[in-house]
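Asker: I'd like to ask some things about the structure below.
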Amino acid sequence: MTFIGFKTKYGGHSKFHRNLRQYAHQVLEDLCNCNNKEDLDKGINSIHLKIVEICKRSYRLKKQEIKKPPTWWTQDLAIMKKRVGAFRRRAQRAPTDLRQAHALFTQEKEHSTEDT
């Protein structure tokens with residue numbers, strides 16, 4: 001879902017009010033004629049769309065940058081990132097003696113690979 005940004009800092013408020021006044025009477029009638037929830041939802045959606053349309057006519061639009069993910073980032077990397085995070089949390093929650101034993105094991109393994 002994208003949102004349109006409006007530059008309200010630069011004026012256009014009187015134009016917005018003028019356009020909104022023309023539509024206000026029709027909106028009140030539509031809301032009064034709603035008999036059930038579906039009609040009310042449709043009415044509110046139409047009001048929202050009309051307000052956005054009025055804002056488009058009244059205010060300048062802000063430029064929005066489209067943020068695209070990097071081309072090198074893949075679904076496999078995202079899955080791997082989640083797995084590494086889960087392993088890290090599991091290791092941090094491990095009891096202290098188990099962590100110390102793992103540290104000793106990795107140190108011995110590193111020393112044995114350096115000797116060969």
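Identifiers for the structure tokens are assigned positionally: chains receive A, B, ... in sequence, residues are indexed from 1 per chain, and ligands are indexed from 1 in the order shown.
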I'd like the contact shell of Ile4 of chain A - 10 Å cut-off, only C-alpha atoms, skipping same-chain residues fewer than 5 positions apart - returned as a list in words.

Answerer: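 The filter keeps Val52, Cys55, Lys56, Leu61, Lys62, Lys63 and Gln64 of chain A.
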
Asker: Output the selection as a PDB file, in the first residue's frame - C-alpha atoms for each residue.

Answerer:
ATOM      1  CA  VAL A  52      -7.514  12.185  -1.387  1.00  0.00           C
ATOM      2  CA  CYS A  55      -6.007  16.966  -1.783  1.00  0.00           C
ATOM      3  CA  LYS A  56      -4.482  16.053  -5.152  1.00  0.00           C
ATOM      4  CA  LEU A  61       2.635  16.322  -4.298  1.00  0.00           C
ATOM      5  CA  LYS A  62       5.796  15.238  -2.500  1.00  0.00           C
ATOM      6  CA  LYS A  63       8.268  13.153  -4.420  1.00  0.00           C
ATOM      7  CA  GLN A  64       8.613   9.699  -2.923  1.00  0.00           C
TER       8      GLN A  64
END

Asker: I want to know what sits within 12 Å of Glu53 of chain A, based on only C-alpha atoms, with residues of the same chain fewer than 3 positions away left out; could you give that as a PDB file with N, CA and C atoms, in the first residue's frame?

Answerer:
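part10.pdb, written as the output of this step:
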ATOM      1  N   ILE A   4       0.227   8.845  -0.581  1.00  0.00           N
ATOM      2  CA  ILE A   4       0.643  10.026  -1.313  1.00  0.00           C
ATOM      3  C   ILE A   4       0.949  11.112  -0.292  1.00  0.00           C
ATOM      4  N   PHE A   6       1.567  15.064   0.614  1.00  0.00           N
ATOM      5  CA  PHE A   6       1.173  16.371   0.107  1.00  0.00           C
ATOM      6  C   PHE A   6       2.001  17.453   0.780  1.00  0.00           C
ATOM      7  N   PHE A  16      -8.465  23.834  -0.852  1.00  0.00           N
ATOM      8  CA  PHE A  16      -8.935  22.575  -0.272  1.00  0.00           C
ATOM      9  C   PHE A  16     -10.301  22.756   0.378  1.00  0.00           C
ATOM     10  N   ASN A  19     -13.064  23.210  -2.265  1.00  0.00           N
ATOM     11  CA  ASN A  19     -13.422  21.940  -2.906  1.00  0.00           C
ATOM     12  C   ASN A  19     -14.146  21.001  -1.946  1.00  0.00           C
ATOM     13  N   LEU A  20     -13.768  21.034  -0.674  1.00  0.00           N
ATOM     14  CA  LEU A  20     -14.394  20.159   0.314  1.00  0.00           C
ATOM     15  C   LEU A  20     -15.832  20.583   0.599  1.00  0.00           C
ATOM     16  N   TYR A  23     -18.417  19.167  -1.667  1.00  0.00           N
ATOM     17  CA  TYR A  23     -18.646  17.737  -1.507  1.00  0.00           C
ATOM     18  C   TYR A  23     -19.296  17.393  -0.164  1.00  0.00           C
ATOM     19  N   SER A  46     -15.578   5.701   0.076  1.00  0.00           N
ATOM     20  CA  SER A  46     -15.774   6.731  -0.954  1.00  0.00           C
ATOM     21  C   SER A  46     -15.386   8.109  -0.426  1.00  0.00           C
ATOM     22  N   ILE A  47     -15.672   8.370   0.854  1.00  0.00           N
ATOM     23  CA  ILE A  47     -15.272   9.649   1.457  1.00  0.00           C
ATOM     24  C   ILE A  47     -13.751   9.766   1.464  1.00  0.00           C
ATOM     25  N   HIS A  48     -13.085   8.701   1.851  1.00  0.00           N
ATOM     26  CA  HIS A  48     -11.623   8.707   1.892  1.00  0.00           C
ATOM     27  C   HIS A  48     -11.041   8.977   0.512  1.00  0.00           C
ATOM     28  N   LEU A  49     -11.545   8.276  -0.490  1.00  0.00           N
ATOM     29  CA  LEU A  49     -11.044   8.470  -1.857  1.00  0.00           C
ATOM     30  C   LEU A  49     -11.309   9.887  -2.353  1.00  0.00           C
ATOM     31  N   LYS A  50     -12.472  10.428  -2.008  1.00  0.00           N
ATOM     32  CA  LYS A  50     -12.806  11.789  -2.446  1.00  0.00           C
ATOM     33  C   LYS A  50     -11.892  12.811  -1.767  1.00  0.00           C
ATOM     34  N   LYS A  56      -5.286  16.057  -3.923  1.00  0.00           N
ATOM     35  CA  LYS A  56      -4.482  16.053  -5.152  1.00  0.00           C
ATOM     36  C   LYS A  56      -4.719  17.313  -5.969  1.00  0.00           C
ATOM     37  N   ARG A  57      -5.980  17.790  -5.979  1.00  0.00           N
ATOM     38  CA  ARG A  57      -6.289  19.000  -6.739  1.00  0.00           C
ATOM     39  C   ARG A  57      -5.841  20.267  -6.013  1.00  0.00           C
ATOM     40  N   SER A  58      -5.702  20.196  -4.683  1.00  0.00           N
ATOM     41  CA  SER A  58      -5.435  21.405  -3.902  1.00  0.00           C
ATOM     42  C   SER A  58      -3.966  21.613  -3.573  1.00  0.00           C
ATOM     43  N   TYR A  59      -3.244  20.548  -3.302  1.00  0.00           N
ATOM     44  CA  TYR A  59      -1.871  20.660  -2.830  1.00  0.00           C
ATOM     45  C   TYR A  59      -0.893  20.101  -3.858  1.00  0.00           C
ATOM     46  N   LEU A  61       2.278  17.667  -4.751  1.00  0.00           N
ATOM     47  CA  LEU A  61       2.635  16.322  -4.298  1.00  0.00           C
ATOM     48  C   LEU A  61       4.104  16.263  -3.914  1.00  0.00           C
TER      49      LEU A  61
END

Asker: Which residues are close to Asp30 of chain A, i.e. within 12 Å by only C-alpha atoms, leaving aside same-chain residues fewer than 3 positions away? Reply as a list of chain:residue names.

Answerer: A:Tyr23, A:Ala24, A:His25, A:Gln26, A:Val27, A:Asn33, A:Cys34, A:Asn35, A:Asp39, A:Leu40, A:Asp41, A:Lys42, A:Gly43, A:Ile44, A:Asn45, A:Ser46, A:Ile47

Asker: From a DSSP pass on the backbone, collect the residues of chain A flagged as strand (DSSP E or B) and hand them back as a list in words.

Answerer: Phe6, Lys7, Arg60 and Leu61 of chain A

Asker: Please return, as a compact mmCIF listing (two decimals) with C-alpha atoms, in the first residue's frame, all residues of chain A that DSSP assigns to helix (DSSP H, G or I) on the basis of the backbone.

Answerer:
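The result, stored in out-v3.txt:
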# COMPACT_ATOMS: atom_id res chain seq x y z
CA THR A 8 0.72 21.39 2.89
CA LYS A 9 3.42 23.82 3.98
CA TYR A 10 3.13 25.81 0.75
CA HIS A 13 -5.69 25.38 2.17
CA SER A 14 -8.37 27.76 0.88
CA LYS A 15 -8.59 25.76 -2.36
CA PHE A 16 -8.94 22.57 -0.27
CA HIS A 17 -11.74 24.07 1.86
CA ARG A 18 -13.55 25.36 -1.23
CA ASN A 19 -13.42 21.94 -2.91
CA LEU A 20 -14.39 20.16 0.31
CA ARG A 21 -17.44 22.39 0.89
CA GLN A 22 -18.82 21.39 -2.50
CA TYR A 23 -18.65 17.74 -1.51
CA ALA A 24 -19.70 18.01 2.18
CA HIS A 25 -23.48 18.07 1.63
CA GLN A 26 -23.37 14.95 -0.55
CA VAL A 27 -21.24 13.13 2.05
CA LEU A 28 -23.70 13.86 4.85
CA GLU A 29 -26.59 12.55 2.75
CA ASP A 30 -24.68 9.38 1.90
CA LEU A 31 -23.87 8.73 5.57
CA CYS A 32 -27.47 9.33 6.66
CA LYS A 37 -22.40 -2.08 7.96
CA GLU A 38 -21.55 -2.75 4.29
CA ASP A 39 -23.15 0.52 3.19
CA LEU A 40 -21.27 2.37 5.90
CA ASP A 41 -17.95 0.80 4.84
CA LYS A 42 -18.59 1.72 1.21
CA GLY A 43 -19.53 5.25 2.24
CA ILE A 44 -16.42 5.72 4.34
CA ASN A 45 -14.20 4.36 1.56
CA SER A 46 -15.77 6.73 -0.95
CA ILE A 47 -15.27 9.65 1.46
CA HIS A 48 -11.62 8.71 1.89
CA LEU A 49 -11.04 8.47 -1.86
CA LYS A 50 -12.81 11.79 -2.45
CA ILE A 51 -10.68 13.54 0.22
CA VAL A 52 -7.51 12.18 -1.39
CA GLU A 53 -8.76 13.40 -4.78
CA ILE A 54 -9.48 16.86 -3.34
CA CYS A 55 -6.01 16.97 -1.78
CA LYS A 56 -4.48 16.05 -5.15
CA ARG A 57 -6.29 19.00 -6.74
CA SER A 58 -5.43 21.41 -3.90
CA GLN A 75 15.49 -15.39 -0.34
CA ASP A 76 18.19 -17.89 0.64
CA LEU A 77 20.16 -15.14 2.39
CA ALA A 78 17.06 -14.05 4.30
CA ILE A 79 16.43 -17.61 5.47
CA MET A 80 20.09 -18.01 6.45
CA LYS A 81 19.95 -14.72 8.41
CA LYS A 82 16.97 -15.97 10.42
CA ARG A 83 18.67 -19.31 11.11
CA VAL A 84 21.88 -17.62 12.30
CA GLY A 85 19.86 -15.36 14.60
CA ALA A 86 18.06 -18.38 16.05
CA PHE A 87 21.36 -20.20 16.64
CA ARG A 88 22.81 -17.10 18.30
CA ARG A 89 19.83 -16.80 20.65
CA ARG A 90 20.05 -20.50 21.47
CA ALA A 91 23.78 -20.20 22.23
CA GLN A 92 23.24 -17.16 24.44
CA ARG A 93 20.57 -18.98 26.44
CA THR A 96 27.48 -21.20 31.30
CA ASP A 97 29.31 -24.53 31.68
CA LEU A 98 28.09 -25.65 28.24
CA ARG A 99 29.30 -22.39 26.68
CA GLN A 100 32.70 -22.75 28.35
CA ALA A 101 33.02 -26.35 27.13
CA HIS A 102 32.17 -25.24 23.59
CA ALA A 103 34.77 -22.45 23.78
CA LEU A 104 37.45 -24.92 24.92
CA PHE A 105 36.49 -27.32 22.13
CA THR A 106 36.78 -24.62 19.45
CA GLN A 107 40.12 -23.41 20.86
CA GLU A 108 41.54 -26.95 20.78
CA LYS A 109 40.22 -27.40 17.26
CA GLU A 110 41.89 -24.16 16.12
CA HIS A 111 45.21 -25.16 17.71
CA SER A 112 45.11 -28.57 16.04
CA THR A 113 44.54 -27.01 12.60
CA GLU A 114 47.39 -24.52 13.13
CA ASP A 115 49.86 -27.33 13.96
